[in-house]
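Asker: Structure file work-v3.tsv, TSV, N, CA and C atoms, is pasted below:
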chain	number	residue	atom	x	y	z
A	1	GLN	N	-2.90	12.45	25.56
A	1	GLN	CA	-1.69	11.88	24.98
A	1	GLN	C	-2.00	11.12	23.71
A	2	VAL	N	-1.04	11.10	22.80
A	2	VAL	CA	-1.15	10.38	21.55
A	2	VAL	C	-0.03	9.36	21.49
A	3	GLN	N	-0.37	8.16	21.08
A	3	GLN	CA	0.63	7.10	20.91
A	3	GLN	C	0.77	6.79	19.42
A	4	LEU	N	2.01	6.60	19.02
A	4	LEU	CA	2.32	6.23	17.64
A	4	LEU	C	3.08	4.91	17.66
A	5	VAL	N	2.63	3.97	16.87
A	5	VAL	CA	3.29	2.67	16.79
A	5	VAL	C	3.65	2.37	15.35
A	6	GLU	N	4.95	2.25	15.10
A	6	GLU	CA	5.43	1.95	13.75
A	6	GLU	C	5.62	0.46	13.59
A	7	SER	N	5.54	0.02	12.34
A	7	SER	CA	5.83	-1.38	12.02
A	7	SER	C	6.28	-1.47	10.57
A	8	GLY	N	6.87	-2.61	10.24
A	8	GLY	CA	7.24	-2.87	8.86
A	8	GLY	C	8.72	-2.86	8.57
A	9	GLY	N	9.52	-2.40	9.49
A	9	GLY	CA	10.95	-2.37	9.25
A	9	GLY	C	11.56	-3.76	9.32
A	10	THR	N	12.57	-3.98	8.49
A	10	THR	CA	13.25	-5.28	8.47
A	10	THR	C	14.52	-5.16	7.64
A	11	LEU	N	15.18	-6.26	7.44
A	11	LEU	CA	16.35	-6.33	6.56
A	11	LEU	C	15.88	-6.58	5.14
A	12	VAL	N	16.40	-5.80	4.20
A	12	VAL	CA	16.01	-5.94	2.81
A	12	VAL	C	17.24	-5.73	1.94
A	13	GLN	N	17.26	-6.37	0.79
A	13	GLN	CA	18.40	-6.23	-0.12
A	13	GLN	C	18.29	-4.93	-0.91
A	14	PRO	N	19.41	-4.42	-1.35
A	14	PRO	CA	19.37	-3.23	-2.22
A	14	PRO	C	18.46	-3.46	-3.42
A	15	GLY	N	17.68	-2.44	-3.74
A	15	GLY	CA	16.72	-2.57	-4.83
A	15	GLY	C	15.36	-3.09	-4.39
A	16	GLY	N	15.27	-3.53	-3.17
A	16	GLY	CA	14.02	-4.09	-2.67
A	16	GLY	C	13.04	-3.02	-2.23
A	17	SER	N	11.89	-3.48	-1.74
A	17	SER	CA	10.82	-2.59	-1.32
A	17	SER	C	10.33	-2.96	0.07
A	18	LEU	N	9.82	-1.95	0.77
A	18	LEU	CA	9.19	-2.15	2.07
A	18	LEU	C	8.06	-1.15	2.21
A	19	ARG	N	7.09	-1.50	3.04
A	19	ARG	CA	6.05	-0.55	3.40
A	19	ARG	C	6.01	-0.43	4.92
A	20	LEU	N	6.24	0.78	5.39
A	20	LEU	CA	6.14	1.06	6.81
A	20	LEU	C	4.75	1.58	7.14
A	21	SER	N	4.30	1.25	8.34
A	21	SER	CA	3.01	1.74	8.82
A	21	SER	C	3.19	2.41	10.17
A	22	CYS	N	2.35	3.38	10.43
A	22	CYS	CA	2.36	4.06	11.72
A	22	CYS	C	0.91	4.33	12.12
A	23	ALA	N	0.49	3.69	13.20
A	23	ALA	CA	-0.88	3.85	13.68
A	23	ALA	C	-0.90	4.79	14.87
A	24	ALA	N	-1.75	5.78	14.81
A	24	ALA	CA	-1.90	6.74	15.90
A	24	ALA	C	-3.13	6.40	16.72
A	25	SER	N	-3.01	6.53	18.03
A	25	SER	CA	-4.15	6.29	18.91
A	25	SER	C	-4.07	7.23	20.10
A	26	GLY	N	-5.14	7.26	20.87
A	26	GLY	CA	-5.17	8.12	22.04
A	26	GLY	C	-6.02	9.35	21.80
A	27	ASN	N	-5.64	10.43	22.46
A	27	ASN	CA	-6.42	11.67	22.43
A	27	ASN	C	-6.02	12.51	21.21
A	28	ILE	N	-6.48	12.07	20.05
A	28	ILE	CA	-6.16	12.78	18.81
A	28	ILE	C	-7.23	13.83	18.58
A	29	ARG	N	-6.84	15.08	18.69
A	29	ARG	CA	-7.83	16.14	18.54
A	29	ARG	C	-7.95	16.56	17.09
A	30	SER	N	-6.84	16.90	16.51
A	30	SER	CA	-6.80	17.23	15.09
A	30	SER	C	-5.37	17.03	14.63
A	31	ILE	N	-5.22	16.80	13.37
A	31	ILE	CA	-3.90	16.48	12.83
A	31	ILE	C	-3.51	17.52	11.80
A	32	ALA	N	-2.42	18.22	12.08
A	32	ALA	CA	-1.89	19.16	11.09
A	32	ALA	C	-1.17	18.40	9.99
A	33	ARG	N	-0.35	17.45	10.43
A	33	ARG	CA	0.35	16.61	9.46
A	33	ARG	C	0.91	15.40	10.15
A	34	MET	N	1.16	14.37	9.36
A	34	MET	CA	1.86	13.17	9.82
A	34	MET	C	3.01	12.93	8.86
A	35	GLY	N	4.04	12.35	9.37
A	35	GLY	CA	5.19	12.13	8.50
A	35	GLY	C	6.19	11.18	9.08
A	36	TRP	N	7.29	11.06	8.36
A	36	TRP	CA	8.37	10.15	8.72
A	36	TRP	C	9.70	10.88	8.76
A	37	TYR	N	10.48	10.52	9.76
A	37	TYR	CA	11.86	10.94	9.88
A	37	TYR	C	12.70	9.68	9.96
A	38	ARG	N	14.00	9.86	9.83
A	38	ARG	CA	14.90	8.72	10.01
A	38	ARG	C	16.20	9.18	10.63
A	39	GLN	N	16.84	8.23	11.29
A	39	GLN	CA	18.14	8.49	11.89
A	39	GLN	C	19.03	7.30	11.64
A	40	GLY	N	20.04	7.52	10.80
A	40	GLY	CA	20.98	6.46	10.49
A	40	GLY	C	22.11	6.42	11.48
A	41	PRO	N	22.95	5.39	11.37
A	41	PRO	CA	24.09	5.27	12.29
A	41	PRO	C	25.00	6.50	12.22
A	42	ARG	N	25.24	7.10	13.34
A	42	ARG	CA	26.15	8.25	13.45
A	42	ARG	C	25.70	9.41	12.57
A	43	LYS	N	24.40	9.52	12.36
A	43	LYS	CA	23.87	10.63	11.57
A	43	LYS	C	22.80	11.37	12.36
A	44	PRO	N	22.59	12.64	12.07
A	44	PRO	CA	21.50	13.35	12.75
A	44	PRO	C	20.15	12.91	12.19
A	45	ARG	N	19.10	13.16	12.95
A	45	ARG	CA	17.76	12.85	12.48
A	45	ARG	C	17.42	13.76	11.31
A	46	GLU	N	16.81	13.19	10.28
A	46	GLU	CA	16.42	13.97	9.13
A	46	GLU	C	14.98	13.63	8.75
A	47	TRP	N	14.31	14.61	8.19
A	47	TRP	CA	12.95	14.34	7.76
A	47	TRP	C	12.99	13.62	6.42
A	48	VAL	N	12.02	12.76	6.21
A	48	VAL	CA	11.96	11.96	4.99
A	48	VAL	C	10.77	12.39	4.14
A	49	ALA	N	9.59	12.40	4.75
A	49	ALA	CA	8.37	12.74	4.02
A	49	ALA	C	7.30	13.14	5.02
A	50	PHE	N	6.42	14.04	4.62
A	50	PHE	CA	5.27	14.33	5.46
A	50	PHE	C	4.09	14.68	4.59
A	51	LEU	N	2.91	14.52	5.19
A	51	LEU	CA	1.67	14.72	4.48
A	51	LEU	C	0.79	15.63	5.33
A	52	PRO	N	0.63	16.88	4.91
A	52	PRO	CA	-0.25	17.78	5.66
A	52	PRO	C	-1.70	17.38	5.43
A	53	THR	N	-2.53	17.56	6.41
A	53	THR	CA	-3.96	17.29	6.23
A	53	THR	C	-4.51	18.22	5.16
A	54	GLY	N	-5.07	17.62	4.12
A	54	GLY	CA	-5.62	18.41	3.03
A	54	GLY	C	-4.58	18.98	2.10
A	55	GLY	N	-3.34	18.60	2.27
A	55	GLY	CA	-2.28	19.15	1.45
A	55	GLY	C	-1.56	18.10	0.64
A	56	SER	N	-0.49	18.53	-0.01
A	56	SER	CA	0.27	17.65	-0.87
A	56	SER	C	1.47	17.06	-0.12
A	57	PRO	N	1.88	15.87	-0.46
A	57	PRO	CA	3.04	15.27	0.21
A	57	PRO	C	4.32	15.99	-0.13
A	58	LYS	N	5.23	15.97	0.81
A	58	LYS	CA	6.55	16.55	0.63
A	58	LYS	C	7.59	15.48	0.90
A	59	TYR	N	8.66	15.49	0.10
A	59	TYR	CA	9.71	14.50	0.23
A	59	TYR	C	11.08	15.17	0.24
A	60	THR	N	11.97	14.62	1.04
A	60	THR	CA	13.33	15.08	0.95
A	60	THR	C	13.92	14.61	-0.37
A	61	ASP	N	14.89	15.34	-0.88
A	61	ASP	CA	15.38	15.09	-2.23
A	61	ASP	C	15.88	13.67	-2.44
A	62	SER	N	16.51	13.10	-1.45
A	62	SER	CA	17.14	11.80	-1.62
A	62	SER	C	16.15	10.65	-1.81
A	63	VAL	N	14.88	10.89	-1.52
A	63	VAL	CA	13.89	9.81	-1.65
A	63	VAL	C	12.85	10.09	-2.72
A	64	LYS	N	12.90	11.24	-3.34
A	64	LYS	CA	11.92	11.58	-4.37
A	64	LYS	C	11.97	10.56	-5.50
A	65	GLY	N	10.79	10.13	-5.91
A	65	GLY	CA	10.69	9.14	-6.98
A	65	GLY	C	10.81	7.71	-6.50
A	66	ARG	N	11.20	7.52	-5.23
A	66	ARG	CA	11.34	6.16	-4.70
A	66	ARG	C	10.36	5.88	-3.55
A	67	PHE	N	10.09	6.89	-2.74
A	67	PHE	CA	9.21	6.72	-1.58
A	67	PHE	C	7.88	7.42	-1.83
A	68	THR	N	6.83	6.84	-1.28
A	68	THR	CA	5.50	7.44	-1.37
A	68	THR	C	4.84	7.39	0.00
A	69	ILE	N	4.38	8.54	0.45
A	69	ILE	CA	3.67	8.62	1.73
A	69	ILE	C	2.18	8.69	1.47
A	70	SER	N	1.42	8.00	2.31
A	70	SER	CA	-0.02	8.04	2.18
A	70	SER	C	-0.65	7.93	3.57
A	71	ARG	N	-1.93	8.21	3.63
A	71	ARG	CA	-2.58	8.23	4.94
A	71	ARG	C	-4.00	7.70	4.83
A	72	ASP	N	-4.39	6.92	5.80
A	72	ASP	CA	-5.76	6.45	5.94
A	72	ASP	C	-6.36	7.23	7.11
A	73	ASN	N	-7.14	8.24	6.81
A	73	ASN	CA	-7.66	9.12	7.86
A	73	ASN	C	-8.60	8.38	8.81
A	74	ALA	N	-9.34	7.43	8.27
A	74	ALA	CA	-10.28	6.69	9.10
A	74	ALA	C	-9.56	5.86	10.15
A	75	LYS	N	-8.35	5.43	9.83
A	75	LYS	CA	-7.57	4.60	10.76
A	75	LYS	C	-6.49	5.39	11.46
A	76	ASN	N	-6.38	6.68	11.17
A	76	ASN	CA	-5.29	7.50	11.74
A	76	ASN	C	-3.94	6.81	11.54
A	77	THR	N	-3.75	6.32	10.33
A	77	THR	CA	-2.54	5.57	10.01
A	77	THR	C	-1.85	6.21	8.82
A	78	VAL	N	-0.54	6.31	8.91
A	78	VAL	CA	0.25	6.82	7.80
A	78	VAL	C	1.20	5.73	7.34
A	79	TYR	N	1.40	5.68	6.04
A	79	TYR	CA	2.24	4.64	5.44
A	79	TYR	C	3.41	5.29	4.69
A	80	LEU	N	4.47	4.52	4.56
A	80	LEU	CA	5.58	4.94	3.72
A	80	LEU	C	5.97	3.76	2.85
A	81	GLN	N	5.65	3.86	1.58
A	81	GLN	CA	6.05	2.84	0.61
A	81	GLN	C	7.44	3.20	0.11
A	82	MET	N	8.38	2.30	0.29
A	82	MET	CA	9.77	2.57	-0.08
A	82	MET	C	10.19	1.57	-1.14
A	83	ASN	N	10.54	2.08	-2.30
A	83	ASN	CA	10.98	1.25	-3.42
A	83	ASN	C	12.42	1.55	-3.77
A	84	ASN	N	13.04	0.62	-4.46
A	84	ASN	CA	14.43	0.79	-4.91
A	84	ASN	C	15.32	1.23	-3.74
A	85	LEU	N	15.24	0.50	-2.67
A	85	LEU	CA	15.98	0.87	-1.47
A	85	LEU	C	17.48	0.77	-1.68
A	86	LYS	N	18.19	1.68	-1.03
A	86	LYS	CA	19.64	1.75	-1.14
A	86	LYS	C	20.27	1.58	0.24
A	87	PRO	N	21.52	1.17	0.30
A	87	PRO	CA	22.16	1.02	1.61
A	87	PRO	C	22.11	2.30	2.45
A	88	GLU	N	22.16	3.43	1.79
A	88	GLU	CA	22.12	4.70	2.55
A	88	GLU	C	20.74	5.00	3.14
A	89	ASP	N	19.75	4.19	2.80
A	89	ASP	CA	18.44	4.33	3.43
A	89	ASP	C	18.39	3.63	4.79
A	90	THR	N	19.43	2.90	5.12
A	90	THR	CA	19.48	2.21	6.40
A	90	THR	C	19.36	3.21	7.54
A	91	ALA	N	18.37	2.99	8.40
A	91	ALA	CA	18.11	3.92	9.50
A	91	ALA	C	16.96	3.41	10.35
A	92	ALA	N	16.81	4.01	11.50
A	92	ALA	CA	15.58	3.85	12.27
A	92	ALA	C	14.60	4.89	11.74
A	93	TYR	N	13.43	4.42	11.36
A	93	TYR	CA	12.41	5.31	10.80
A	93	TYR	C	11.38	5.62	11.88
A	94	LEU	N	11.18	6.92	12.12
A	94	LEU	CA	10.30	7.35	13.19
A	94	LEU	C	9.10	8.09	12.62
A	95	CYS	N	7.96	7.79	13.16
A	95	CYS	CA	6.73	8.44	12.77
A	95	CYS	C	6.53	9.70	13.61
A	96	ASN	N	5.95	10.70	12.99
A	96	ASN	CA	5.70	11.98	13.66
A	96	ASN	C	4.27	12.43	13.40
A	97	LEU	N	3.63	12.96	14.42
A	97	LEU	CA	2.30	13.54	14.29
A	97	LEU	C	2.30	14.92	14.93
A	98	ASP	N	1.89	15.89	14.16
A	98	ASP	CA	1.78	17.28	14.62
A	98	ASP	C	0.29	17.60	14.73
A	99	ASP	N	-0.15	17.93	15.96
A	99	ASP	CA	-1.57	18.23	16.15
A	99	ASP	C	-1.81	19.71	16.35
A	100	TYR	N	-0.97	20.53	15.81
A	100	TYR	CA	-1.03	21.99	15.87
A	100	TYR	C	-0.50	22.56	17.19
A	101	GLU	N	-0.33	21.66	18.17
A	101	GLU	CA	0.17	22.13	19.46
A	101	GLU	C	1.40	21.35	19.89
A	102	TYR	N	1.36	20.05	19.67
A	102	TYR	CA	2.47	19.20	20.08
A	102	TYR	C	2.95	18.37	18.90
A	103	ASN	N	4.21	17.91	19.01
A	103	ASN	CA	4.77	16.93	18.09
A	103	ASN	C	4.92	15.63	18.86
A	104	TYR	N	4.34	14.59	18.33
A	104	TYR	CA	4.43	13.27	18.94
A	104	TYR	C	5.33	12.39	18.08
A	105	TRP	N	6.03	11.48	18.76
A	105	TRP	CA	6.97	10.60	18.08
A	105	TRP	C	6.72	9.15	18.46
A	106	GLY	N	6.94	8.29	17.48
A	106	GLY	CA	6.93	6.87	17.78
A	106	GLY	C	8.30	6.42	18.23
A	107	GLN	N	8.40	5.12	18.53
A	107	GLN	CA	9.67	4.56	19.00
A	107	GLN	C	10.60	4.24	17.84
A	108	GLY	N	10.07	4.10	16.66
A	108	GLY	CA	10.90	3.82	15.50
A	108	GLY	C	10.85	2.37	15.07
A	109	THR	N	11.10	2.15	13.80
A	109	THR	CA	11.22	0.80	13.25
A	109	THR	C	12.48	0.77	12.39
A	110	GLN	N	13.28	-0.27	12.56
A	110	GLN	CA	14.59	-0.32	11.92
A	110	GLN	C	14.49	-0.87	10.50
A	111	VAL	N	15.07	-0.12	9.58
A	111	VAL	CA	15.20	-0.57	8.19
A	111	VAL	C	16.69	-0.73	7.89
A	112	THR	N	17.06	-1.91	7.47
A	112	THR	CA	18.45	-2.18	7.11
A	112	THR	C	18.49	-2.66	5.68
A	113	VAL	N	19.24	-1.96	4.85
A	113	VAL	CA	19.37	-2.30	3.43
A	113	VAL	C	20.77	-2.83	3.21
A	114	SER	N	20.87	-4.11	2.96
A	114	SER	CA	22.18	-4.75	2.84
A	114	SER	C	22.04	-6.06	2.08
A	115	SER	N	23.10	-6.38	1.36
A	115	SER	CA	23.14	-7.67	0.66
A	115	SER	C	23.84	-8.72	1.52
Represent the structure from my file as structure tokens, please.

Answerer:
Amino acid sequence: QVQLVESGGTLVQPGGSLRLSCAASGNIRSIARMGWYRQGPRKPREWVAFLPTGGSPKYTDSVKGRFTISRDNAKNTVYLQMNNLKPEDTAAYLCNLDDYEYNYWGQGTQVTVSS
């Protein structure tokens, strides 16, 4: 089993910045990719960004130029730097790890963008 623990979510004003972290632990055999999804109020879950092992980051259009995903392989941790946050970014942000066989999910960390 693999456990994912997210942190960093909080209330922030529009235009502000946050950095989310997701630490993976447990029986990590290999990682195809790690990434972030989000689910806003009354909205379906959507992917935000992911980083394939040895590959280039991918971003959904609405966050391009504002969010940056990165990974510390030694710590099995993935980060999401979020700049110029907008109210529509308000959501629970969930970490995802794909190990070529299973998809693992964290519990989520809440980001609220409001003045």

Asker: Which distance in Å separates atom N of Lys75 in chain A and atom N of Ser25 in chain A, to one decimal?

Answerer: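 The value is 9.8 Å.
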
Asker: If we count only C-alpha atoms and set the cut-off at 6 Å, which residues sit around Arg33 in chain A, ignoring sequence neighbours fewer than 3 positions away in its own chain? Please answer as an NGL selection string.

Answerer: :A and (51-53 or 98)

Asker: Measuring atom to atom with all atoms listed in the file, identify which of A:Trp36, A:Tyr59, A:Tyr79, A:Phe50 is nearest to Leu94 in chain A.

Answerer: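 Among A:Trp36, A:Tyr59, A:Tyr79, A:Phe50, it is A:Trp36 that comes nearest to Leu94 in chain A.
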
Asker: Name the residues within 6 Å of (-5.8, 19.5, 13.5), counting only C-alpha atoms in the file's coordinates, and put them as a list in words.

Answerer: Ser30, Ile31, Ala32, Asp99 and Tyr100 of chain A

Asker: By how many Å are CA of Gly55 in chain A and CA of Asn103 in chain A apart?

Answerer: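 Computing it gives 18.2 Å between the two atoms.
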
Asker: Would you mind writing down, as JSON, numbers by chain, each residue of range 14-111 of chain A that DSSP on the backbone assigns to strand (DSSP E)?

Answerer: {"A": [18, 19, 20, 21, 22, 23, 24, 25, 26, 33, 34, 35, 36, 37, 38, 39, 46, 47, 48, 49, 50, 51, 52, 58, 59, 67, 68, 69, 70, 71, 72, 77, 78, 79, 80, 81, 82, 91, 92, 93, 94, 95, 96, 97, 98, 103, 104, 105, 109, 110, 111]}

Asker: Which polymer residues have any atom within 8 Å of an atom of Ala24 in chain A, counting only C-alpha atoms, with same-chain residues fewer than 5 positions away left out, as a PyMOL selection string?

Answerer: chain A and resi 2-5+75-77

Asker: Work out how far CA of Gln110 in chain A is from CA of Glu6 in chain A, in Å to one decimal.

Answerer: 9.6 Å

Asker: According to DSSP computed on the backbone, where in range 3-102 of chain A is there helix (DSSP H, G or I)? Give the residues as a list in words.

Answerer: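 Selecting the helix (DSSP H, G or I) positions of range 3-102 of chain A gives Asp61, Ser62, Val63, Pro87, Glu88 and Asp89 of chain A.
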
Asker: Counting only C-alpha atoms, select every polymer residue within 6 Å of (11.5, -0.9, 3.6) as defined in the file's coordinates, and provide the selection as a PDB file with N, CA and C atoms, in the coordinates of the input.

Answerer:
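Written file, result_14.pdb:
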ATOM      1  N   GLY A   9       9.520  -2.400   9.490  1.00  0.00           N
ATOM      2  CA  GLY A   9      10.950  -2.370   9.250  1.00  0.00           C
ATOM      3  C   GLY A   9      11.560  -3.760   9.320  1.00  0.00           C
ATOM      4  N   SER A  17      11.890  -3.480  -1.740  1.00  0.00           N
ATOM      5  CA  SER A  17      10.820  -2.590  -1.320  1.00  0.00           C
ATOM      6  C   SER A  17      10.330  -2.960   0.070  1.00  0.00           C
ATOM      7  N   LEU A  18       9.820  -1.950   0.770  1.00  0.00           N
ATOM      8  CA  LEU A  18       9.190  -2.150   2.070  1.00  0.00           C
ATOM      9  C   LEU A  18       8.060  -1.150   2.210  1.00  0.00           C
ATOM     10  N   ARG A  19       7.090  -1.500   3.040  1.00  0.00           N
ATOM     11  CA  ARG A  19       6.050  -0.550   3.400  1.00  0.00           C
ATOM     12  C   ARG A  19       6.010  -0.430   4.920  1.00  0.00           C
ATOM     13  N   MET A  82       8.380   2.300   0.290  1.00  0.00           N
ATOM     14  CA  MET A  82       9.770   2.570  -0.080  1.00  0.00           C
ATOM     15  C   MET A  82      10.190   1.570  -1.140  1.00  0.00           C
ATOM     16  N   VAL A 111      15.070  -0.120   9.580  1.00  0.00           N
ATOM     17  CA  VAL A 111      15.200  -0.570   8.190  1.00  0.00           C
ATOM     18  C   VAL A 111      16.690  -0.730   7.890  1.00  0.00           C
TER      19      VAL A 111
END

Asker: Please provide as a PyMOL selection string all residues within 8 Å of Val78 in chain A, with the sequence filter that same-chain residues fewer than 5 positions apart are discarded (counting all atoms listed in the file).

Answerer: chain A and resi 20-24+34-35+69-73

Asker: Go ahead and save the residues from that selection, with N, CA and C atoms, as a PDB file, keeping the file's coordinate frame.

Answerer:
ATOM      1  N   LEU A  20       6.240   0.780   5.390  1.00  0.00           N
ATOM      2  CA  LEU A  20       6.140   1.060   6.810  1.00  0.00           C
ATOM      3  C   LEU A  20       4.750   1.580   7.140  1.00  0.00           C
ATOM      4  N   SER A  21       4.300   1.250   8.340  1.00  0.00           N
ATOM      5  CA  SER A  21       3.010   1.740   8.820  1.00  0.00           C
ATOM      6  C   SER A  21       3.190   2.410  10.170  1.00  0.00           C
ATOM      7  N   CYS A  22       2.350   3.380  10.430  1.00  0.00           N
ATOM      8  CA  CYS A  22       2.360   4.060  11.720  1.00  0.00           C
ATOM      9  C   CYS A  22       0.910   4.330  12.120  1.00  0.00           C
ATOM     10  N   ALA A  23       0.490   3.690  13.200  1.00  0.00           N
ATOM     11  CA  ALA A  23      -0.880   3.850  13.680  1.00  0.00           C
ATOM     12  C   ALA A  23      -0.900   4.790  14.870  1.00  0.00           C
ATOM     13  N   ALA A  24      -1.750   5.780  14.810  1.00  0.00           N
ATOM     14  CA  ALA A  24      -1.900   6.740  15.900  1.00  0.00           C
ATOM     15  C   ALA A  24      -3.130   6.400  16.720  1.00  0.00           C
ATOM     16  N   MET A  34       1.160  14.370   9.360  1.00  0.00           N
ATOM     17  CA  MET A  34       1.860  13.170   9.820  1.00  0.00           C
ATOM     18  C   MET A  34       3.010  12.930   8.860  1.00  0.00           C
ATOM     19  N   GLY A  35       4.040  12.350   9.370  1.00  0.00           N
ATOM     20  CA  GLY A  35       5.190  12.130   8.500  1.00  0.00           C
ATOM     21  C   GLY A  35       6.190  11.180   9.080  1.00  0.00           C
ATOM     22  N   ILE A  69       4.380   8.540   0.450  1.00  0.00           N
ATOM     23  CA  ILE A  69       3.670   8.620   1.730  1.00  0.00           C
ATOM     24  C   ILE A  69       2.180   8.690   1.470  1.00  0.00           C
ATOM     25  N   SER A  70       1.420   8.000   2.310  1.00  0.00           N
ATOM     26  CA  SER A  70      -0.020   8.040   2.180  1.00  0.00           C
ATOM     27  C   SER A  70      -0.650   7.930   3.570  1.00  0.00           C
ATOM     28  N   ARG A  71      -1.930   8.210   3.630  1.00  0.00           N
ATOM     29  CA  ARG A  71      -2.580   8.230   4.940  1.00  0.00           C
ATOM     30  C   ARG A  71      -4.000   7.700   4.830  1.00  0.00           C
ATOM     31  N   ASP A  72      -4.390   6.920   5.800  1.00  0.00           N
ATOM     32  CA  ASP A  72      -5.760   6.450   5.940  1.00  0.00           C
ATOM     33  C   ASP A  72      -6.360   7.230   7.110  1.00  0.00           C
ATOM     34  N   ASN A  73      -7.140   8.240   6.810  1.00  0.00           N
ATOM     35  CA  ASN A  73      -7.660   9.120   7.860  1.00  0.00           C
ATOM     36  C   ASN A  73      -8.600   8.380   8.810  1.00  0.00           C
TER      37      ASN A  73
END

Asker: Compile the contact shell of Asp89 in chain A as JSON, numbers by chain: residues with an atom at most 8 Å away, counting only C-alpha atoms, same-chain residues fewer than 6 positions apart removed.

Answerer: {"A": [40, 111, 112, 113]}

Asker: Enclose range 84-103 of chain A, meaning all of its atoms listed in the file, in a box aligned along x, y and z, pad it by 4 Å on each side, and list the centre and edge lengths in Å to one decimal, as AutoDock Vina command-line options.

Answerer:
--center_x 10.2 --center_y 11.5 --center_z 7.6 --size_x 32.0 --size_y 30.1 --size_z 33.0

Asker: Env of Gly16 in chain A: 6.5 Å cut, atoms = only N, CA and C atoms, seq-sep filter 2 positions within chain, self excluded. Answer as a list of chain:residue names.

Answerer: A:Val12, A:Gln13, A:Pro14, A:Leu18, A:Met82, A:Asn83, A:Asn84, A:Leu85, A:Lys86

Asker: Could you add N, CA, C and O atoms to range 1-13 of chain A and give me the result as a tab-separated table (two decimals), in the coordinates of the input?

Answerer:
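Dumped everything to part_4.tsv:
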chain	number	residue	atom	x	y	z
A	1	GLN	N	-2.90	12.45	25.56
A	1	GLN	CA	-1.69	11.88	24.98
A	1	GLN	C	-2.00	11.12	23.71
A	1	GLN	O	-3.09	10.59	23.53
A	2	VAL	N	-1.04	11.10	22.80
A	2	VAL	CA	-1.15	10.38	21.55
A	2	VAL	C	-0.03	9.36	21.49
A	2	VAL	O	1.12	9.67	21.83
A	3	GLN	N	-0.37	8.16	21.08
A	3	GLN	CA	0.63	7.10	20.91
A	3	GLN	C	0.77	6.79	19.42
A	3	GLN	O	-0.22	6.72	18.70
A	4	LEU	N	2.01	6.60	19.02
A	4	LEU	CA	2.32	6.23	17.64
A	4	LEU	C	3.08	4.91	17.66
A	4	LEU	O	4.07	4.78	18.39
A	5	VAL	N	2.63	3.97	16.87
A	5	VAL	CA	3.29	2.67	16.79
A	5	VAL	C	3.65	2.37	15.35
A	5	VAL	O	2.76	2.25	14.49
A	6	GLU	N	4.95	2.25	15.10
A	6	GLU	CA	5.43	1.95	13.75
A	6	GLU	C	5.62	0.46	13.59
A	6	GLU	O	5.87	-0.26	14.56
A	7	SER	N	5.54	0.02	12.34
A	7	SER	CA	5.83	-1.38	12.02
A	7	SER	C	6.28	-1.47	10.57
A	7	SER	O	6.09	-0.52	9.80
A	8	GLY	N	6.87	-2.61	10.24
A	8	GLY	CA	7.24	-2.87	8.86
A	8	GLY	C	8.72	-2.86	8.57
A	8	GLY	O	9.14	-3.28	7.49
A	9	GLY	N	9.52	-2.40	9.49
A	9	GLY	CA	10.95	-2.37	9.25
A	9	GLY	C	11.56	-3.76	9.32
A	9	GLY	O	11.13	-4.61	10.09
A	10	THR	N	12.57	-3.98	8.49
A	10	THR	CA	13.25	-5.28	8.47
A	10	THR	C	14.52	-5.16	7.64
A	10	THR	O	14.87	-4.07	7.19
A	11	LEU	N	15.18	-6.26	7.44
A	11	LEU	CA	16.35	-6.33	6.56
A	11	LEU	C	15.88	-6.58	5.14
A	11	LEU	O	15.08	-7.48	4.89
A	12	VAL	N	16.40	-5.80	4.20
A	12	VAL	CA	16.01	-5.94	2.81
A	12	VAL	C	17.24	-5.73	1.94
A	12	VAL	O	18.17	-5.00	2.31
A	13	GLN	N	17.26	-6.37	0.79
A	13	GLN	CA	18.40	-6.23	-0.12
A	13	GLN	C	18.29	-4.93	-0.91
A	13	GLN	O	17.19	-4.41	-1.13
